[in-house]
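Below is one structure, written out as structure tokens; comments come after it.
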Amino acid sequence: MADLFRNEIADQLSKVADLPSAELEAMIEVPPDPTMGDYALPCFPLAKTLRKAPNQIADDLASKLEATERISEVRATGPYLNFFVNASVLVRETMEAILASGRDFGSSTYGDGKTVVIDFSSPNISKPFTIGHLRTTAIGNSLGRIYAALGWKVVGINHLGDWGVPHGMNIAAYKLWGDEAALRKNPPYELFNLYVKFNAELEKDPSLNEQVRSWTRKLEKGDPEARSLWSWFREETIKDFDRMYERMDISFSETIGESFFHDKVDDLVDELERKRLAVESEGALVVKLDEFDMPPCILQTGHGTSLYHGRDLAAAKYRKEKYSFDRMIYTTDAGQSLHFKQFFKVLELAGYKWSEDCVHVPFGVITFKKGRMSTRKGNVIFLEDVLDRAVELTRQIIEKKNPDLPNKEQIAEDVGVGAVIYADLDSKRTRDVMFDWDEMLNFNGETGPYIQYTHARYCSVLRKYGEKVPVPDLDYALLREPEAIAVVKCLGQFPDRIHSAAEAYEPSLV
């Protein structure tokens with residue numbers, strides 16, 4: 001549904017201000033206080049173009065604009081030009097659009113024919129999901145749903161961290177202290193315990209690093225024992241990941257790890273050397289980025305071992321060739337911003353014009369009162385524990401308020417998991433989140449459970465009165481209370497919110 005009110009305001013302004021309608025429409029805002037108007041044009045950006053003070057611009061434009069069927073009043077208030085809509089027209093047009101679109105209200109064909117690749121979640125194998133994985137998983141999945149609603153073909157990729165030094169450490173730890181029976185019983189958690197133990201011992205005995213280097217080299221060169229253990233760890237961890245994704249109703253088009261690209265880095269490096277971009281520096285192969293105020297992008301170590309940058313570059317080329325994407329989004333925490341700036345710059349320098357279609361969507365990290373999480377030190381909270389506690393809290397509420405509710409176990413699961421995901425998506429993604437059990441599992445106020453409860457009540461009303469509303473008999477004039485009009489206005493903004501959320505990569509807008 002196009003915002004006809006916003007369109008009409010922009011068209012009218014374009015005629016009197018002699019400026020492009022699209023440019024003016026992008027400037028139109030919704031005032032925070034409805035008494036100030038339904039729409040507003042801040043005149044500050046026009047001061048330079050029109051060579052007048054913002055207050056004068058607002059006064060001049062107000063004197064030239066007249067009321068229409070949709071716009072009942074135009075009023076200059078300081079540097080703002082405020083527009084009041086005809087409430088009866090707003091209600092009728094919005095409700096007609098909603099009833100005509102049904103479940104598709106808010107969707108559009110904006111992205112028809114376009115493909116977006118979204119790289120999200122991307123946990124490391126040999127470790128369980130922690131609360132730290134929640135943000136990338138929830139945000140990436142939400143963006144996928146938002147883009148799908150706008151008609152884009154969405155390719156969700158789970159780019160597993162399954163190669164490099166950490167996995168040499170996993171093998172070294174298992175060889176030193178591993179118990180096959182314990183690992184088979186609880187694979188990711190047992191591997192995590194071994195990883196934490198190895199790092200603790202490493203602080204006492206740095207010589208253990210040689211075992212890590214040795215097993216990493218063996219893994220890279222295809223040593224049968226190293227590959228067998230690595231493959232076992234990988235398969236068992238992925239099974240556990242899939243169980244968690246199912247709980248959160250999340251799926252991917254492709255699950256593929258860094259390991260898939262490690263033997264493709266050589267061709268990429270050869271290409272960058274031919275283009276005189278990759279050079280040797282202190283034994284390693286790098287792309288120097290000094291002129292862009294960035295440290296060098298390291299492709300390979302002096303031993304020929306591939307690193308993150310090289311594998312990410314190879315993965316980007318692979319995805320472009322396979323999916324011919326129009327946009328590729330990476331959802332990771334803000335701490336990786338430099339990595340992506342370097343990565344995108346190297347693609348640009350290599351002559352890949354599609355590098356401008358690559359976007360890093362950073363988000364704030366989850367912190368604790370005692371600092372950030374540390375997998376090496378074992379200072380983590382497992383996501384499964386958070387989901388289980390949320391489900392248990394929901395179960396207790398059901399037993400207290402509605403013990404005879406059918407399917408209450410499934411409802412407890414759906415509401416509890418939904419509460420955790422909503423709590424993450426509700427805040428602006430760039431904001432750091434202080435983990436707090438009470439806040440995470442708060443079911444009061446504007447929370448996931450409250451929204452699900454409200455939805456259930458609306459469904460009950462529809463069941464009572466029937467899904468088919470007698471549209472010709474509707475009298476929209478009955479919706480005239482300020483509260484009703486406010487709800488209709490909110491509903492009318494939904495399509496624009498979906499579009500804005502996609503362009504700003506910000507699920508919280510929805």
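Naming scheme: A, B, ... for chains in displayed order of the structure tokens; residues 1 onward per chain; ligands 1 onward as shown.
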
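For region 163-165 of chain A, the list of residues within 6 Å, based on only C-alpha atoms and with local chain neighbours fewer than 2 positions off taken out, reads His167, Gly168, Thr216, Glu258 and Ser259 of chain A.
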
Kindly save the residues from that selection, with C-alpha atoms included, as a PDB file, in the first residue's frame.
ATOM      1  CA  HIS A 167      40.141 -26.267  15.305  1.00  0.00           C
ATOM      2  CA  GLY A 168      43.759 -27.309  15.612  1.00  0.00           C
ATOM      3  CA  THR A 216      46.505 -26.981  12.448  1.00  0.00           C
ATOM      4  CA  GLU A 258      35.080 -21.717   5.863  1.00  0.00           C
ATOM      5  CA  SER A 259      36.624 -25.118   5.161  1.00  0.00           C
TER       6      SER A 259
END

>> Need the shell around region 229-234 of chain A: protein/DNA/RNA residues with any atom at most 10 Å away, counting only C-alpha atoms. Skip same-chain ones fewer than 3 positions apart. Format as a count of residues only?
In response: 27

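Excluding Met36 (chain A) and any residue on its chain fewer than 2 positions from it, the residues at most 10 Å away by only C-alpha atoms are A:Val30, A:Pro31, A:Pro32, A:Asp33, A:Pro34, A:Asp38, A:Tyr39, A:Ala40, A:Arg75, A:Thr77, A:Tyr80, A:Leu81, A:Asn82, A:Phe83, A:Phe84.
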
Please produce an output containing all heavy atoms for each residue in the selection, written as a short mmCIF file (atom, residue, chain, number, x, y, z; two decimals), in the first residue's frame.
data_model
loop_
_atom_site.label_atom_id
_atom_site.label_comp_id
_atom_site.auth_asym_id
_atom_site.auth_seq_id
_atom_site.Cartn_x
_atom_site.Cartn_y
_atom_site.Cartn_z
N VAL A 30 6.88 11.81 10.46
CA VAL A 30 5.66 11.70 11.27
C VAL A 30 5.99 12.32 12.63
O VAL A 30 6.88 11.84 13.33
CB VAL A 30 5.24 10.23 11.44
CG1 VAL A 30 4.04 10.13 12.39
CG2 VAL A 30 4.89 9.62 10.09
N PRO A 31 5.32 13.40 13.02
CA PRO A 31 5.61 14.07 14.30
C PRO A 31 5.41 13.12 15.48
O PRO A 31 4.53 12.27 15.45
CB PRO A 31 4.61 15.22 14.35
CG PRO A 31 4.21 15.45 12.93
CD PRO A 31 4.24 14.10 12.28
N PRO A 32 6.21 13.29 16.53
CA PRO A 32 6.07 12.43 17.71
C PRO A 32 4.77 12.68 18.47
O PRO A 32 4.27 11.80 19.15
CB PRO A 32 7.29 12.80 18.57
CG PRO A 32 7.67 14.18 18.11
CD PRO A 32 7.33 14.24 16.66
N ASP A 33 4.24 13.90 18.34
CA ASP A 33 3.00 14.27 19.03
C ASP A 33 1.92 14.53 17.97
O ASP A 33 2.06 15.44 17.14
CB ASP A 33 3.23 15.54 19.86
CG ASP A 33 2.00 15.96 20.64
OD1 ASP A 33 0.93 15.36 20.44
OD2 ASP A 33 2.11 16.90 21.45
N PRO A 34 0.84 13.73 17.95
CA PRO A 34 -0.21 13.90 16.92
C PRO A 34 -0.87 15.28 16.93
O PRO A 34 -1.44 15.68 15.91
CB PRO A 34 -1.22 12.79 17.26
CG PRO A 34 -0.91 12.35 18.64
CD PRO A 34 0.54 12.60 18.84
N ASP A 38 -0.20 15.19 11.42
CA ASP A 38 -0.03 13.79 11.05
C ASP A 38 1.27 13.58 10.27
O ASP A 38 1.86 12.51 10.31
CB ASP A 38 -1.22 13.33 10.21
CG ASP A 38 -2.52 13.44 10.98
OD1 ASP A 38 -2.70 12.67 11.95
OD2 ASP A 38 -3.35 14.30 10.63
N TYR A 39 1.68 14.62 9.54
CA TYR A 39 2.94 14.60 8.81
C TYR A 39 3.61 15.96 8.98
O TYR A 39 2.93 16.97 9.29
CB TYR A 39 2.71 14.34 7.31
CG TYR A 39 2.13 12.99 7.00
CD1 TYR A 39 0.75 12.81 6.91
CD2 TYR A 39 2.95 11.88 6.79
CE1 TYR A 39 0.21 11.57 6.61
CE2 TYR A 39 2.42 10.64 6.49
CZ TYR A 39 1.05 10.49 6.40
OH TYR A 39 0.51 9.26 6.12
N ALA A 40 4.91 15.99 8.81
CA ALA A 40 5.63 17.26 8.93
C ALA A 40 6.80 17.29 7.97
O ALA A 40 7.45 16.28 7.71
CB ALA A 40 6.12 17.45 10.37
N ARG A 75 -0.21 23.83 8.35
CA ARG A 75 0.11 24.85 9.35
C ARG A 75 1.62 24.96 9.54
O ARG A 75 2.31 23.96 9.71
CB ARG A 75 -0.55 24.46 10.68
CG ARG A 75 -0.39 25.49 11.80
CD ARG A 75 -0.85 24.91 13.12
NE ARG A 75 -2.21 24.40 13.08
CZ ARG A 75 -2.73 23.61 14.02
NH1 ARG A 75 -1.99 23.24 15.06
NH2 ARG A 75 -3.97 23.17 13.92
N THR A 77 4.69 25.83 11.78
CA THR A 77 5.03 25.96 13.20
C THR A 77 6.54 26.06 13.30
O THR A 77 7.25 25.07 13.24
CB THR A 77 4.54 24.73 14.00
OG1 THR A 77 3.13 24.56 13.76
CG2 THR A 77 4.78 24.91 15.48
N TYR A 80 8.96 24.10 10.92
CA TYR A 80 8.27 22.90 10.42
C TYR A 80 6.98 23.27 9.70
O TYR A 80 6.27 24.21 10.09
CB TYR A 80 7.94 21.96 11.58
CG TYR A 80 9.15 21.24 12.14
CD1 TYR A 80 9.91 21.82 13.16
CD2 TYR A 80 9.54 20.00 11.65
CE1 TYR A 80 11.03 21.18 13.68
CE2 TYR A 80 10.65 19.35 12.17
CZ TYR A 80 11.39 19.94 13.17
OH TYR A 80 12.50 19.30 13.68
N LEU A 81 6.67 22.50 8.67
CA LEU A 81 5.41 22.64 7.97
C LEU A 81 4.60 21.40 8.32
O LEU A 81 4.96 20.27 7.94
CB LEU A 81 5.65 22.72 6.46
CG LEU A 81 4.45 23.11 5.59
CD1 LEU A 81 3.93 24.50 5.97
CD2 LEU A 81 4.84 23.08 4.12
N ASN A 82 3.51 21.60 9.07
CA ASN A 82 2.74 20.46 9.57
C ASN A 82 1.46 20.26 8.76
O ASN A 82 0.78 21.22 8.38
CB ASN A 82 2.38 20.69 11.04
CG ASN A 82 3.62 20.74 11.92
OD1 ASN A 82 4.59 20.05 11.66
ND2 ASN A 82 3.59 21.56 12.95
N PHE A 83 1.13 18.98 8.54
CA PHE A 83 -0.02 18.62 7.72
C PHE A 83 -0.98 17.76 8.56
O PHE A 83 -0.56 16.80 9.21
CB PHE A 83 0.42 17.82 6.50
CG PHE A 83 1.33 18.58 5.58
CD1 PHE A 83 2.69 18.62 5.81
CD2 PHE A 83 0.82 19.27 4.48
CE1 PHE A 83 3.54 19.33 4.98
CE2 PHE A 83 1.67 19.97 3.64
CZ PHE A 83 3.03 20.01 3.88
N PHE A 84 -2.26 18.12 8.52
CA PHE A 84 -3.30 17.38 9.23
C PHE A 84 -4.17 16.69 8.18
O PHE A 84 -4.65 17.35 7.24
CB PHE A 84 -4.15 18.32 10.09
CG PHE A 84 -3.37 18.96 11.20
CD1 PHE A 84 -2.55 20.06 10.96
CD2 PHE A 84 -3.44 18.46 12.50
CE1 PHE A 84 -1.82 20.66 11.98
CE2 PHE A 84 -2.72 19.05 13.52
CZ PHE A 84 -1.90 20.15 13.27
#

>> Based on the backbone DSSP call, show me all residues of region 160-268 of chain A assigned helix (DSSP H, G or I), as an NGL selection string.
In response: :A and (165-177 or 180-185 or 187-204 or 206-221 or 224-247 or 258-268)

Distance query region 401-411 of chain A at most 9 Å, only C-alpha atoms, self and fewer than 6 positions along chain excluded, as a tab-separated table (two decimals) with C-alpha atoms, in the first residue's frame:
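Okay, this is what ended up in part_35.tsv:
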chain	number	residue	atom	x	y	z
A	391	VAL	CA	9.71	-21.78	28.41
A	394	THR	CA	5.72	-19.47	30.50
A	395	ARG	CA	4.68	-22.92	31.70

>> When you look at Leu425 (chain A) with a cut-off of 8 Å (counting only C-alpha atoms), what residues show up, excluding the ones that are within fewer than 2 positions of it in the same chain? I need them as a list of chain:residue names.
In response: A:Arg135, A:Ala138, A:Ile139, A:Ile421, A:Tyr422, A:Ala423, A:Ser427, A:Lys428, A:Arg429, A:Pro507, A:Ser508

>> Taking the DSSP secondary structure from the backbone, can you list the residues of region 16-255 of chain A that are strand (DSSP E), as JSON, numbers by chain?
In response: {"A": [39, 40, 41, 42, 71, 72, 73, 74, 75, 76, 77, 80, 81, 82, 83, 84, 85, 115, 116, 117, 118, 119, 153, 154, 155, 156, 157, 158, 159, 160, 254, 255]}

Residue subset to file, keeping C-alpha atoms, as a CSV table (one decimal), in the first residue's frame:
chain,number,residue,atom,x,y,z
A,39,TYR,CA,2.9,14.6,8.8
A,40,ALA,CA,5.6,17.3,8.9
A,41,LEU,CA,8.2,18.7,6.6
A,42,PRO,CA,11.4,20.0,8.4
A,71,ILE,CA,-5.2,17.0,3.6
A,72,SER,CA,-7.6,19.1,5.8
A,73,GLU,CA,-5.1,21.7,7.1
A,74,VAL,CA,-1.5,22.9,6.5
A,75,ARG,CA,0.1,24.8,9.4
A,76,ALA,CA,3.5,26.4,9.7
A,77,THR,CA,5.0,26.0,13.2
A,80,TYR,CA,8.3,22.9,10.4
A,81,LEU,CA,5.4,22.6,8.0
A,82,ASN,CA,2.7,20.5,9.6
A,83,PHE,CA,0.0,18.6,7.7
A,84,PHE,CA,-3.3,17.4,9.2
A,85,VAL,CA,-5.1,14.7,7.3
A,115,THR,CA,18.3,-11.5,-5.0
A,116,VAL,CA,19.6,-10.7,-1.6
A,117,VAL,CA,22.2,-13.0,0.1
A,118,ILE,CA,22.2,-12.7,3.9
A,119,ASP,CA,25.2,-14.2,5.8
A,153,LYS,CA,14.5,-13.7,-3.4
A,154,VAL,CA,16.3,-14.4,-0.1
A,155,VAL,CA,19.3,-16.6,0.2
A,156,GLY,CA,20.2,-17.2,3.8
A,157,ILE,CA,23.7,-18.6,4.4
A,158,ASN,CA,25.1,-20.0,7.6
A,159,HIS,CA,28.8,-19.6,7.1
A,160,LEU,CA,30.2,-21.9,9.8
A,254,GLU,CA,22.8,-23.1,2.4
A,255,THR,CA,25.0,-24.2,5.3
